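Source file run-v5.txt; content: compact mmCIF, C-alpha atoms.
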```txt
# COMPACT_ATOMS: atom_id res chain seq x y z
CA MET A 165 -89.24 -36.29 -106.27
CA PRO A 166 -88.87 -34.03 -103.21
CA LYS A 167 -85.52 -35.69 -102.41
CA HIS A 168 -84.19 -34.58 -105.78
CA ILE A 169 -85.28 -31.00 -105.34
CA ASP A 170 -83.63 -30.75 -101.92
CA LEU A 171 -80.34 -31.93 -103.36
CA LYS A 172 -80.58 -29.56 -106.31
CA LYS A 173 -81.58 -26.45 -104.35
CA PRO A 174 -78.13 -25.42 -103.04
CA ILE A 175 -76.65 -25.99 -106.52
CA LEU A 176 -79.37 -23.85 -108.10
CA ASP A 177 -79.03 -21.07 -105.50
CA LYS A 178 -75.28 -20.89 -106.06
CA ASN A 179 -75.82 -20.98 -109.82
CA ASP A 180 -78.39 -18.19 -109.71
CA SER A 181 -76.29 -15.80 -107.67
CA MET A 182 -73.37 -16.22 -110.09
CA ALA A 183 -75.80 -15.82 -113.00
CA GLN A 184 -76.87 -12.46 -111.56
CA GLU A 185 -73.22 -11.34 -111.49
CA LEU A 186 -72.83 -12.44 -115.10
CA ARG A 187 -76.03 -10.64 -116.12
CA GLN A 188 -74.67 -7.40 -114.65
CA ARG A 189 -71.34 -7.92 -116.41
CA PHE A 190 -73.06 -8.56 -119.75
CA ALA A 191 -75.24 -5.44 -119.30
CA ASP A 192 -72.22 -3.30 -118.39
CA SER A 193 -70.47 -4.43 -121.58
CA GLY A 194 -73.60 -3.97 -123.71
CA VAL A 195 -73.57 -7.59 -124.83
CA TYR A 196 -76.82 -9.49 -125.35
CA VAL A 197 -76.73 -13.18 -124.38
CA LEU A 198 -78.99 -15.86 -125.85
CA ASP A 199 -79.21 -19.32 -124.24
CA LEU A 200 -80.29 -21.79 -126.93
CA LEU A 201 -81.91 -25.03 -125.76
CA ALA A 202 -82.90 -28.14 -127.73
CA GLY A 203 -82.70 -31.91 -127.79
CA PRO A 204 -79.90 -33.74 -129.60
CA GLY A 205 -79.86 -33.32 -133.35
CA SER A 206 -82.57 -30.68 -133.63
CA GLY A 207 -80.27 -28.35 -135.56
CA LYS A 208 -78.89 -25.99 -132.92
CA THR A 209 -75.56 -25.53 -134.68
CA SER A 210 -77.16 -25.07 -138.12
CA THR A 211 -79.54 -22.50 -136.65
CA ILE A 212 -76.63 -20.66 -135.04
CA LEU A 213 -74.72 -20.65 -138.34
CA ALA A 214 -77.77 -19.24 -140.18
CA THR A 215 -78.28 -16.65 -137.41
CA ILE A 216 -74.67 -15.50 -137.59
CA ASP A 217 -74.93 -15.21 -141.37
CA ALA A 218 -77.95 -12.93 -141.04
CA LEU A 219 -76.65 -10.75 -138.19
CA ARG A 220 -72.88 -10.54 -138.64
CA ASP A 221 -73.01 -7.27 -140.62
CA GLU A 222 -74.76 -5.45 -137.78
CA PHE A 223 -73.41 -7.22 -134.69
CA ASN A 224 -70.16 -8.67 -133.35
CA ILE A 225 -70.97 -12.24 -132.37
CA ALA A 226 -69.32 -15.01 -130.37
CA VAL A 227 -70.56 -18.51 -129.56
CA ILE A 228 -70.16 -20.66 -126.47
CA GLU A 229 -70.61 -24.34 -127.29
CA GLY A 230 -71.71 -26.73 -124.55
CA ASP A 231 -71.28 -30.45 -125.12
CA ILE A 232 -70.77 -33.54 -123.00
CA ALA A 233 -67.73 -34.31 -125.14
CA SER A 234 -66.04 -33.31 -128.43
CA SER A 235 -65.49 -29.95 -130.10
CA VAL A 236 -67.08 -30.61 -133.50
CA ASP A 237 -69.64 -27.81 -133.10
CA ALA A 238 -67.09 -25.17 -132.08
CA GLU A 239 -65.03 -26.16 -135.10
CA LYS A 240 -68.01 -25.64 -137.41
CA ILE A 241 -68.58 -22.16 -135.98
CA LYS A 242 -64.91 -21.22 -136.21
CA ALA A 243 -64.82 -22.43 -139.82
CA GLN A 244 -67.38 -19.72 -140.52
CA GLY A 245 -65.01 -17.09 -139.08
CA THR A 246 -66.76 -16.55 -135.73
CA SER A 247 -65.16 -16.83 -132.28
CA ALA A 248 -66.26 -19.97 -130.48
CA VAL A 249 -65.42 -21.30 -127.04
CA GLN A 250 -66.05 -24.99 -126.39
CA ILE A 251 -67.16 -26.16 -122.93
CA ASN A 252 -67.06 -29.91 -122.33
CA THR A 253 -69.23 -30.70 -119.33
CA GLY A 254 -67.67 -34.11 -118.77
CA GLY A 255 -70.99 -35.85 -118.31
CA ALA A 256 -73.22 -33.07 -116.95
CA CYS A 257 -76.42 -32.65 -118.97
CA HIS A 258 -76.54 -28.83 -118.80
CA LEU A 259 -74.35 -25.75 -118.57
CA GLU A 260 -74.01 -23.83 -115.30
CA SER A 261 -73.13 -20.19 -114.76
CA ALA A 262 -69.71 -21.13 -113.34
CA MET A 263 -68.84 -22.74 -116.70
CA ILE A 264 -69.97 -19.61 -118.56
CA LYS A 265 -67.86 -17.45 -116.23
CA ARG A 266 -64.75 -19.46 -117.15
CA ALA A 267 -65.63 -19.48 -120.86
CA ILE A 268 -66.01 -15.69 -121.15
CA ASP A 269 -62.53 -15.15 -119.72
CA VAL A 270 -61.21 -15.62 -123.24
CA LEU A 271 -63.74 -13.25 -124.86
CA ASP A 272 -63.49 -9.46 -125.14
CA LEU A 273 -67.00 -8.63 -123.90
CA ASP A 274 -66.72 -4.90 -124.64
CA ARG A 275 -66.13 -5.69 -128.31
CA LEU A 276 -69.15 -8.02 -128.56
CA ASP A 277 -72.86 -7.37 -129.18
CA LEU A 278 -74.17 -10.93 -129.03
CA ILE A 279 -73.12 -14.18 -127.38
CA ILE A 280 -75.07 -17.27 -128.38
CA ILE A 281 -74.77 -20.11 -125.89
CA GLU A 282 -75.48 -23.51 -127.42
CA ASN A 283 -76.53 -25.50 -124.38
CA VAL A 284 -76.07 -29.29 -124.09
CA GLY A 285 -78.53 -31.21 -126.30
CA ASN A 286 -81.21 -31.96 -123.73
CA LEU A 287 -84.87 -30.99 -123.33
CA VAL A 288 -84.84 -31.36 -119.56
CA CYS A 289 -81.77 -30.42 -117.52
CA PRO A 290 -80.88 -26.95 -118.90
CA THR A 291 -84.31 -25.45 -118.15
CA ASP A 292 -83.57 -24.87 -114.44
CA PHE A 293 -80.24 -23.11 -114.92
CA ASP A 294 -79.98 -19.34 -115.25
CA LEU A 295 -76.77 -18.48 -117.15
CA GLY A 296 -77.17 -14.70 -116.89
CA GLU A 297 -78.74 -14.63 -120.36
CA ASN A 298 -81.15 -11.99 -121.69
CA ALA A 299 -83.35 -14.65 -123.23
CA LYS A 300 -83.70 -18.38 -123.64
CA ALA A 301 -84.85 -19.71 -127.00
CA MET A 302 -85.58 -23.32 -127.82
CA ILE A 303 -85.62 -25.42 -130.96
CA LEU A 304 -87.82 -28.38 -131.67
CA SER A 305 -87.29 -30.12 -134.99
CA VAL A 306 -90.12 -31.65 -137.00
CA PRO A 307 -88.77 -35.24 -136.90
CA GLU A 308 -88.99 -35.16 -133.08
CA GLY A 309 -92.77 -35.05 -133.32
CA HIS A 310 -95.62 -32.67 -132.57
CA ASP A 311 -96.33 -34.25 -129.15
CA LYS A 312 -93.16 -32.96 -127.50
CA PRO A 313 -94.73 -29.92 -125.76
CA LEU A 314 -96.91 -32.34 -123.75
CA LYS A 315 -93.92 -34.46 -122.80
CA TYR A 316 -91.37 -31.72 -122.07
CA PRO A 317 -93.52 -28.79 -120.87
CA GLY A 318 -90.76 -27.14 -118.82
CA VAL A 319 -88.52 -26.17 -121.70
CA PHE A 320 -91.44 -24.71 -123.65
CA GLN A 321 -92.48 -22.69 -120.59
CA VAL A 322 -89.07 -21.12 -119.87
CA SER A 323 -88.34 -20.14 -123.48
CA ASP A 324 -88.80 -16.57 -124.72
CA ALA A 325 -89.00 -17.81 -128.31
CA VAL A 326 -89.72 -21.19 -129.88
CA ILE A 327 -88.15 -22.28 -133.17
CA LEU A 328 -89.65 -25.17 -135.15
CA ASN A 329 -86.75 -26.38 -137.31
CA LYS A 330 -86.53 -28.77 -140.29
CA ALA A 331 -89.98 -27.48 -141.29
CA ASP A 332 -89.26 -28.62 -144.86
CA THR A 333 -89.44 -32.26 -143.69
CA MET A 334 -93.09 -32.03 -142.55
CA PRO A 335 -94.31 -34.05 -145.56
CA VAL A 336 -91.90 -36.89 -144.61
CA PHE A 337 -93.09 -37.10 -141.00
CA ASN A 338 -96.57 -37.33 -139.54
CA PHE A 339 -96.27 -33.85 -137.97
CA ASP A 340 -99.52 -32.20 -136.87
CA GLU A 341 -98.58 -28.51 -137.03
CA GLU A 342 -101.91 -27.28 -135.68
CA GLU A 343 -101.70 -29.49 -132.60
CA PHE A 344 -98.08 -28.43 -132.02
CA LEU A 345 -98.88 -24.70 -132.22
CA SER A 346 -101.89 -25.04 -129.94
CA SER A 347 -99.92 -27.01 -127.29
CA VAL A 348 -97.11 -24.45 -127.32
CA LYS A 349 -99.54 -21.55 -127.00
CA GLN A 350 -101.22 -23.24 -124.03
CA LEU A 351 -97.88 -23.65 -122.25
CA ASN A 352 -96.47 -20.27 -123.23
CA PRO A 353 -98.94 -17.78 -124.74
CA ASN A 354 -96.35 -14.99 -125.16
CA ALA A 355 -93.45 -16.69 -126.92
CA PRO A 356 -93.26 -16.09 -130.67
CA ILE A 357 -92.98 -19.29 -132.72
CA PHE A 358 -90.70 -19.33 -135.78
CA LYS A 359 -91.03 -22.05 -138.40
CA ILE A 360 -87.70 -22.39 -140.16
CA SER A 361 -85.46 -24.64 -142.16
CA ALA A 362 -82.02 -23.63 -140.92
CA THR A 363 -80.00 -25.39 -143.60
CA LYS A 364 -82.21 -24.18 -146.48
CA GLY A 365 -82.80 -20.69 -145.06
CA ASP A 366 -86.62 -20.75 -145.16
CA GLY A 367 -88.19 -18.62 -142.43
CA VAL A 368 -84.86 -17.72 -140.85
CA SER A 369 -85.26 -13.96 -141.40
CA ALA A 370 -88.37 -13.68 -139.17
CA TRP A 371 -86.35 -15.27 -136.35
CA THR A 372 -83.24 -13.17 -136.86
CA GLU A 373 -85.27 -9.94 -137.16
CA TRP A 374 -86.93 -10.72 -133.83
CA LEU A 375 -83.52 -11.40 -132.27
CA ALA A 376 -81.99 -8.23 -133.77
CA ASP A 377 -84.85 -6.17 -132.29
CA GLU A 378 -84.25 -7.74 -128.88
CA ILE A 379 -80.54 -6.91 -129.07
CA ARG A 380 -81.18 -3.31 -130.15
CA GLN A 381 -83.69 -2.82 -127.33
CA ALA A 382 -81.28 -4.26 -124.75
CA GLN A 383 -78.45 -2.09 -126.03
CA ALA A 384 -80.73 0.97 -125.89
CA GLY A 385 -80.90 0.42 -122.15
CA ALA A 386 -83.99 -1.71 -121.75
CA VAL A 387 -81.93 -4.57 -120.33
CA LYS A 388 -84.10 -7.35 -118.92
CA MET B 208 -67.35 -31.67 -112.31
CA PRO B 209 -66.07 -33.45 -109.18
CA LYS B 210 -68.65 -31.61 -107.06
CA HIS B 211 -71.38 -33.10 -109.21
CA ILE B 212 -70.07 -36.61 -108.88
CA ASP B 213 -69.87 -36.35 -105.08
CA LEU B 214 -73.48 -35.23 -104.89
CA LYS B 215 -74.62 -38.00 -107.20
CA LYS B 216 -72.69 -40.84 -105.56
CA PRO B 217 -75.01 -41.54 -102.60
CA ILE B 218 -78.02 -41.42 -104.95
CA LEU B 219 -76.33 -43.84 -107.34
CA ASP B 220 -75.26 -46.21 -104.53
CA LYS B 221 -78.80 -46.33 -103.17
CA ASN B 222 -80.16 -46.77 -106.70
CA ASP B 223 -77.75 -49.62 -107.45
CA SER B 224 -78.51 -51.62 -104.34
CA MET B 225 -82.23 -51.44 -105.05
CA ALA B 226 -81.53 -52.34 -108.70
CA GLN B 227 -79.77 -55.51 -107.50
CA GLU B 228 -82.87 -56.47 -105.50
CA LEU B 229 -85.02 -55.88 -108.58
CA ARG B 230 -82.66 -57.92 -110.76
CA GLN B 231 -83.01 -60.86 -108.38
CA ARG B 232 -86.79 -60.49 -108.34
CA PHE B 233 -86.94 -60.39 -112.15
CA ALA B 234 -84.70 -63.48 -112.38
CA ASP B 235 -86.81 -65.37 -109.84
CA SER B 236 -89.93 -64.64 -111.89
CA GLY B 237 -88.22 -65.49 -115.18
CA VAL B 238 -88.93 -62.07 -116.65
CA TYR B 239 -86.41 -60.39 -118.95
CA VAL B 240 -86.16 -56.60 -118.59
CA LEU B 241 -85.01 -54.24 -121.34
CA ASP B 242 -84.17 -50.58 -120.54
CA LEU B 243 -84.63 -48.57 -123.74
CA LEU B 244 -82.75 -45.25 -123.98
CA ALA B 245 -82.97 -42.48 -126.59
CA GLY B 246 -83.32 -38.76 -127.09
CA PRO B 247 -86.71 -37.11 -127.54
CA GLY B 248 -88.58 -38.07 -130.68
CA SER B 249 -86.25 -40.80 -131.88
CA GLY B 250 -89.09 -43.30 -132.08
CA LYS B 251 -88.93 -45.21 -128.80
CA THR B 252 -92.68 -45.79 -128.62
CA SER B 253 -92.94 -46.78 -132.30
CA THR B 254 -90.03 -49.21 -131.83
CA ILE B 255 -91.72 -50.70 -128.77
CA LEU B 256 -95.00 -51.11 -130.69
CA ALA B 257 -93.17 -52.87 -133.54
CA THR B 258 -91.28 -55.04 -131.05
CA ILE B 259 -94.48 -56.09 -129.28
CA ASP B 260 -96.08 -56.92 -132.63
CA ALA B 261 -93.20 -59.24 -133.50
CA LEU B 262 -92.86 -60.94 -130.11
CA ARG B 263 -96.36 -61.09 -128.61
CA ASP B 264 -97.09 -64.59 -129.93
CA GLU B 265 -94.11 -66.07 -128.09
CA PHE B 266 -93.85 -63.83 -125.00
CA ASN B 267 -96.11 -62.08 -122.47
CA ILE B 268 -95.04 -58.46 -122.52
CA ALA B 269 -95.61 -55.36 -120.39
CA VAL B 270 -94.25 -51.84 -120.82
CA ILE B 271 -93.18 -49.25 -118.23
CA GLU B 272 -93.33 -45.74 -119.69
CA GLY B 273 -91.14 -43.04 -118.20
CA ASP B 274 -91.93 -39.41 -119.02
CA ILE B 275 -91.46 -36.03 -117.37
CA ALA B 276 -95.19 -35.48 -117.84
CA SER B 277 -98.23 -36.87 -119.73
CA SER B 278 -99.39 -40.41 -120.41
CA VAL B 279 -99.69 -40.29 -124.21
CA ASP B 280 -97.16 -43.11 -124.70
CA ALA B 281 -98.77 -45.47 -122.20
CA GLU B 282 -102.10 -44.85 -123.93
CA LYS B 283 -100.59 -45.78 -127.32
CA ILE B 284 -99.26 -49.06 -125.86
CA LYS B 285 -102.54 -49.90 -124.13
CA ALA B 286 -104.42 -49.20 -127.37
CA GLN B 287 -102.41 -52.08 -128.84
CA GLY B 288 -103.70 -54.37 -126.09
CA THR B 289 -100.53 -54.52 -123.97
CA SER B 290 -100.24 -53.69 -120.26
CA ALA B 291 -98.50 -50.35 -119.71
CA VAL B 292 -97.62 -48.52 -116.50
CA GLN B 293 -96.90 -44.80 -116.77
CA ILE B 294 -94.29 -43.19 -114.50
CA ASN B 295 -94.23 -39.40 -114.48
CA THR B 296 -90.90 -38.27 -113.06
CA GLY B 297 -92.14 -34.76 -112.29
CA GLY B 298 -89.06 -33.11 -113.76
CA ALA B 299 -86.36 -35.76 -113.29
CA CYS B 300 -84.54 -36.58 -116.53
CA HIS B 301 -84.20 -40.32 -115.91
CA LEU B 302 -85.88 -43.25 -114.20
CA GLU B 303 -84.52 -44.68 -110.94
CA SER B 304 -84.87 -48.17 -109.53
CA ALA B 305 -87.22 -46.92 -106.77
CA MET B 306 -89.66 -45.76 -109.48
CA ILE B 307 -89.47 -49.18 -111.18
CA LYS B 308 -90.08 -50.91 -107.85
CA ARG B 309 -93.33 -48.93 -107.39
CA ALA B 310 -94.36 -49.47 -111.03
CA ILE B 311 -94.03 -53.27 -110.92
CA ASP B 312 -96.36 -53.48 -107.92
CA VAL B 313 -99.25 -53.45 -110.38
CA LEU B 314 -97.73 -56.11 -112.67
CA ASP B 315 -97.94 -59.89 -112.24
CA LEU B 316 -94.26 -60.67 -112.78
CA ASP B 317 -94.73 -64.45 -112.77
CA ARG B 318 -97.04 -64.17 -115.75
CA LEU B 319 -94.62 -62.00 -117.78
CA ASP B 320 -91.66 -62.87 -120.02
CA LEU B 321 -90.58 -59.39 -121.03
CA ILE B 322 -90.81 -55.91 -119.55
CA ILE B 323 -89.72 -53.07 -121.80
CA ILE B 324 -88.87 -49.88 -119.91
CA GLU B 325 -89.12 -46.76 -122.06
CA ASN B 326 -86.80 -44.39 -120.23
CA VAL B 327 -87.20 -40.58 -120.29
CA GLY B 328 -86.20 -39.09 -123.66
CA ASN B 329 -82.64 -38.09 -122.86
CA LEU B 330 -79.23 -39.14 -124.17
CA VAL B 331 -77.42 -38.22 -120.95
CA CYS B 332 -79.09 -38.75 -117.57
CA PRO B 333 -80.37 -42.34 -117.84
CA THR B 334 -76.95 -43.85 -118.64
CA ASP B 335 -75.80 -43.90 -115.00
CA PHE B 336 -78.87 -45.57 -113.54
CA ASP B 337 -79.11 -49.33 -113.17
CA LEU B 338 -82.79 -50.33 -113.14
CA GLY B 339 -82.18 -54.04 -112.56
CA GLU B 340 -82.50 -54.65 -116.31
CA ASN B 341 -80.96 -57.55 -118.24
CA ALA B 342 -79.87 -55.21 -121.04
CA LYS B 343 -79.91 -51.60 -122.07
CA ALA B 344 -80.59 -50.80 -125.72
CA MET B 345 -80.51 -47.36 -127.30
CA ILE B 346 -82.09 -45.74 -130.33
CA LEU B 347 -80.63 -42.99 -132.44
CA SER B 348 -82.79 -41.71 -135.27
CA VAL B 349 -81.33 -40.61 -138.60
CA PRO B 350 -82.60 -36.98 -138.36
CA GLU B 351 -80.53 -36.51 -135.17
CA GLY B 352 -77.34 -36.79 -137.20
CA HIS B 353 -74.40 -39.16 -137.60
CA ASP B 354 -72.19 -37.15 -135.22
CA LYS B 355 -74.12 -38.07 -132.06
CA PRO B 356 -71.77 -40.90 -130.91
CA LEU B 357 -69.00 -38.29 -130.60
CA LYS B 358 -71.21 -35.95 -128.60
CA TYR B 359 -72.99 -38.45 -126.35
CA PRO B 360 -70.42 -41.25 -125.97
CA GLY B 361 -71.75 -42.50 -122.61
CA VAL B 362 -75.07 -43.80 -123.86
CA PHE B 363 -73.41 -45.63 -126.77
CA GLN B 364 -70.94 -47.22 -124.34
CA VAL B 365 -73.49 -48.55 -121.84
CA SER B 366 -75.86 -50.00 -124.46
CA ASP B 367 -75.91 -53.72 -125.24
CA ALA B 368 -77.56 -53.02 -128.60
CA VAL B 369 -77.81 -49.91 -130.78
CA ILE B 370 -80.83 -49.26 -133.01
CA LEU B 371 -80.60 -46.73 -135.85
CA ASN B 372 -84.22 -45.74 -136.47
CA LYS B 373 -85.96 -43.79 -139.27
CA ALA B 374 -83.40 -45.33 -141.63
CA ASP B 375 -85.81 -44.68 -144.53
CA THR B 376 -85.22 -40.92 -144.12
CA MET B 377 -81.47 -41.12 -144.90
CA PRO B 378 -81.95 -39.58 -148.37
CA VAL B 379 -83.67 -36.55 -146.78
CA PHE B 380 -80.88 -35.88 -144.29
CA ASN B 381 -77.17 -35.60 -144.72
CA PHE B 382 -76.52 -38.78 -142.74
CA ASP B 383 -73.09 -40.39 -143.16
CA GLU B 384 -73.85 -44.02 -142.30
CA GLU B 385 -70.24 -45.17 -142.59
CA GLU B 386 -69.01 -42.54 -140.14
CA PHE B 387 -71.83 -43.37 -137.74
CA LEU B 388 -71.09 -47.10 -137.78
CA SER B 389 -67.39 -46.57 -137.32
CA SER B 390 -67.88 -44.17 -134.36
CA VAL B 391 -70.25 -46.61 -132.66
CA LYS B 392 -67.85 -49.51 -133.18
CA GLN B 393 -65.02 -47.48 -131.65
CA LEU B 394 -67.08 -46.71 -128.54
CA ASN B 395 -68.65 -50.13 -128.23
CA PRO B 396 -67.14 -52.89 -130.38
CA ASN B 397 -69.49 -55.62 -129.09
CA ALA B 398 -72.94 -54.08 -129.43
CA PRO B 399 -74.90 -55.21 -132.48
CA ILE B 400 -76.28 -52.33 -134.57
CA PHE B 401 -79.76 -52.63 -136.09
CA LYS B 402 -80.85 -50.33 -138.89
CA ILE B 403 -84.63 -50.11 -138.82
CA SER B 404 -87.67 -48.09 -139.78
CA ALA B 405 -90.01 -48.79 -136.89
CA THR B 406 -93.14 -47.34 -138.47
CA LYS B 407 -92.57 -49.04 -141.86
CA GLY B 408 -91.23 -52.29 -140.41
CA ASP B 409 -87.94 -52.41 -142.37
CA GLY B 410 -85.16 -54.18 -140.48
CA VAL B 411 -87.26 -54.72 -137.37
CA SER B 412 -87.05 -58.54 -137.52
CA ALA B 413 -83.25 -58.61 -137.07
CA TRP B 414 -83.67 -56.57 -133.89
CA THR B 415 -86.57 -58.62 -132.50
CA GLU B 416 -84.82 -61.92 -133.32
CA TRP B 417 -81.78 -60.73 -131.35
CA LEU B 418 -84.02 -59.73 -128.43
CA ALA B 419 -85.96 -63.01 -128.55
CA ASP B 420 -82.68 -64.93 -128.37
CA GLU B 421 -81.58 -62.89 -125.36
CA ILE B 422 -84.88 -63.58 -123.60
CA ARG B 423 -84.71 -67.32 -124.35
CA GLN B 424 -81.12 -67.50 -123.06
CA ALA B 425 -82.03 -65.63 -119.88
CA GLN B 426 -85.05 -67.86 -119.28
CA ALA B 427 -82.90 -70.94 -119.86
CA GLY B 428 -80.93 -69.95 -116.79
CA ALA B 429 -78.09 -67.89 -118.22
CA VAL B 430 -79.31 -64.81 -116.36
CA LYS B 431 -76.88 -61.92 -116.58
```
Take the structure in the file and write it out as structure tokens.
Amino acid sequence: MPKHIDLKKPILDKNDSMAQELRQRFADSGVYVLDLLAGPGSGKTSTILATIDALRDEFNIAVIEGDIASSVDAEKIKAQGTSAVQINTGGACHLESAMIKRAIDVLDLDRLDLIIIENVGNLVCPTDFDLGENAKAMILSVPEGHDKPLKYPGVFQVSDAVILNKADTMPVFNFDEEEFLSSVKQLNPNAPIFKISATKGDGVSAWTEWLADEIRQAQAGAVK
Amino acid sequence: MPKHIDLKKPILDKNDSMAQELRQRFADSGVYVLDLLAGPGSGKTSTILATIDALRDEFNIAVIEGDIASSVDAEKIKAQGTSAVQINTGGACHLESAMIKRAIDVLDLDRLDLIIIENVGNLVCPTDFDLGENAKAMILSVPEGHDKPLKYPGVFQVSDAVILNKADTMPVFNFDEEEFLSSVKQLNPNAPIFKISATKGDGVSAWTEWLADEIRQAQAGAVK
């Protein structure tokens, strides 16, 4: 698809230069930014809620919710007492740095330690877009199937951490954990893989301890 | 996102005019074309396998598989004894009519009654692209959650039929069937909704009987 890439290039270049500005702004304010990617219904919002629960005593957290339409996710986050800004992309299948720039206008960056960006539910489009984040993490849920790394290699390659959610439903589905882990390691040998059940809490602490370490390191000056 | 729409318009116009050519070619050959949309891991391939099983005695069927990468789905279809053409989009999150035009070069259209196109696993990108199909159908699977019509309204609006797959896993997930059905009916009052379990076979016959009727009507001359 060379035609596609030509059309996308100027958009990506513009996006990346604004993302660099954002990255500097986040570093200056000492706020760590996580861009969370996943397909629809893999449990992004539940994972964010569990992450906030684990980290809220140590860190001040805000969430930016990206959706094609609706504000149901932002409402769930707010109901838990955390600031949430909803971005509706109006059809676009990913967030761009310009949208993040507008969204953070309403946040007090200096007061925050962590911003979690819930990207649009999509395993394809968001992978190309730098949002000025410190790290991208991705979620695959067990019901989606163990063959997804083969079919959506890009998102597994760009992610700094991989979360396997709804792990408690493995007995219900025909999920080959060994094959999944080996495919992910082939695509991305360095990313840690966390097996969790976000709604039940299983395995969440390994993920949140990893994230807390990343935040502490960034705040100690080792900003990516 | 007006900038986005401007960039997409020439691509869409070019896509649509080629889709019209394809539609005429399909009609001339008496082949009915179904474009099947869904997110990753919702059971598109399993639904196609169950559909072929139910309809292969009456109709000659071929499948066009769209994926970012890999040919695992086409191999599953071929293992069942059905012709399958794999399209790898190389990063693009949807199929376009030009890709379908190349794919059908290897198919004998006059010998076929039904082509099922398995689009790229994505609830957003494929909705805008006419592939010359007679109908679009979409699958949502229970583990993805009952709130998806609110978050991805476009795909529910463009679909001529909605399949709710993995219905047997409702007890495992917190799926509010009533809310799901009412959201779908608000977005698309005319689309029939089929509750199925593709791998177990439950409910599949209602879906395949609907599809068989559509094919018979189209072949009788009432081409869309």
Please identify every residue of chain A that has at least one atom no more than 7 Å from any atom of chain B, counting only C-alpha atoms, and report them as a ChimeraX atom specification. /A:165,203-206,231-234,254,257,286,288-289,307-309,314-316
With C-alpha atoms retained, export the selected residues as a PDB file, in the coordinates of the input.
```pdb
ATOM      1  CA  MET A 165     -89.240 -36.290-106.270  1.00  0.00           C
ATOM      2  CA  GLY A 203     -82.700 -31.910-127.790  1.00  0.00           C
ATOM      3  CA  PRO A 204     -79.900 -33.740-129.600  1.00  0.00           C
ATOM      4  CA  GLY A 205     -79.860 -33.320-133.350  1.00  0.00           C
ATOM      5  CA  SER A 206     -82.570 -30.680-133.630  1.00  0.00           C
ATOM      6  CA  ASP A 231     -71.280 -30.450-125.120  1.00  0.00           C
ATOM      7  CA  ILE A 232     -70.770 -33.540-123.000  1.00  0.00           C
ATOM      8  CA  ALA A 233     -67.730 -34.310-125.140  1.00  0.00           C
ATOM      9  CA  SER A 234     -66.040 -33.310-128.430  1.00  0.00           C
ATOM     10  CA  GLY A 254     -67.670 -34.110-118.770  1.00  0.00           C
ATOM     11  CA  CYS A 257     -76.420 -32.650-118.970  1.00  0.00           C
ATOM     12  CA  ASN A 286     -81.210 -31.960-123.730  1.00  0.00           C
ATOM     13  CA  VAL A 288     -84.840 -31.360-119.560  1.00  0.00           C
ATOM     14  CA  CYS A 289     -81.770 -30.420-117.520  1.00  0.00           C
ATOM     15  CA  PRO A 307     -88.770 -35.240-136.900  1.00  0.00           C
ATOM     16  CA  GLU A 308     -88.990 -35.160-133.080  1.00  0.00           C
ATOM     17  CA  GLY A 309     -92.770 -35.050-133.320  1.00  0.00           C
ATOM     18  CA  LEU A 314     -96.910 -32.340-123.750  1.00  0.00           C
ATOM     19  CA  LYS A 315     -93.920 -34.460-122.800  1.00  0.00           C
ATOM     20  CA  TYR A 316     -91.370 -31.720-122.070  1.00  0.00           C
TER      21      TYR A 316
END
```
Interatomic distance between CA of Lys285 (chain B) and CA of Ala269 (chain B)? 9.6 Å
For region 393-408 of chain B, list every protein, DNA or RNA residue within 9 Å, evaluated using only C-alpha atoms, and leave out those in the same chain fewer than 5 positions away; present the list as a VMD selection string. chain B and resid 250 to 251 253 to 258 356 to 357 360 to 361 363 to 376 388 413 to 414 417
Neighbours of Thr415 (chain B) within 10 Å (all atoms listed in the file; same-chain residues fewer than 5 positions away dropped), as a ChimeraX atom specification? /B:257-262,401,410,420-421
Separation of CA of Glu185 (chain A) and CA of Gln250 (chain A), in Å?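 One can read the CA of Glu185 (chain A) to CA of Gln250 (chain A) distance as 21.4 Å.
The spacing separating CA of Asn179 (chain A) from CA of Ala262 (chain A) amounts to 7.1 Å.
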May I have the residues within 12 Å of region 269-280 of chain A as a count of residues only, using all atoms listed in the file and disregarding those fewer than 6 positions away in the same chain? 58
Can you pull out the residues contacting Leu176 (chain A)? Cut-off 9 Å, using all atoms listed in the file, and skip same-chain residues under 4 positions away; I want them as an NGL selection string. :A and (172 or 180-181 or 260 or 292-294)
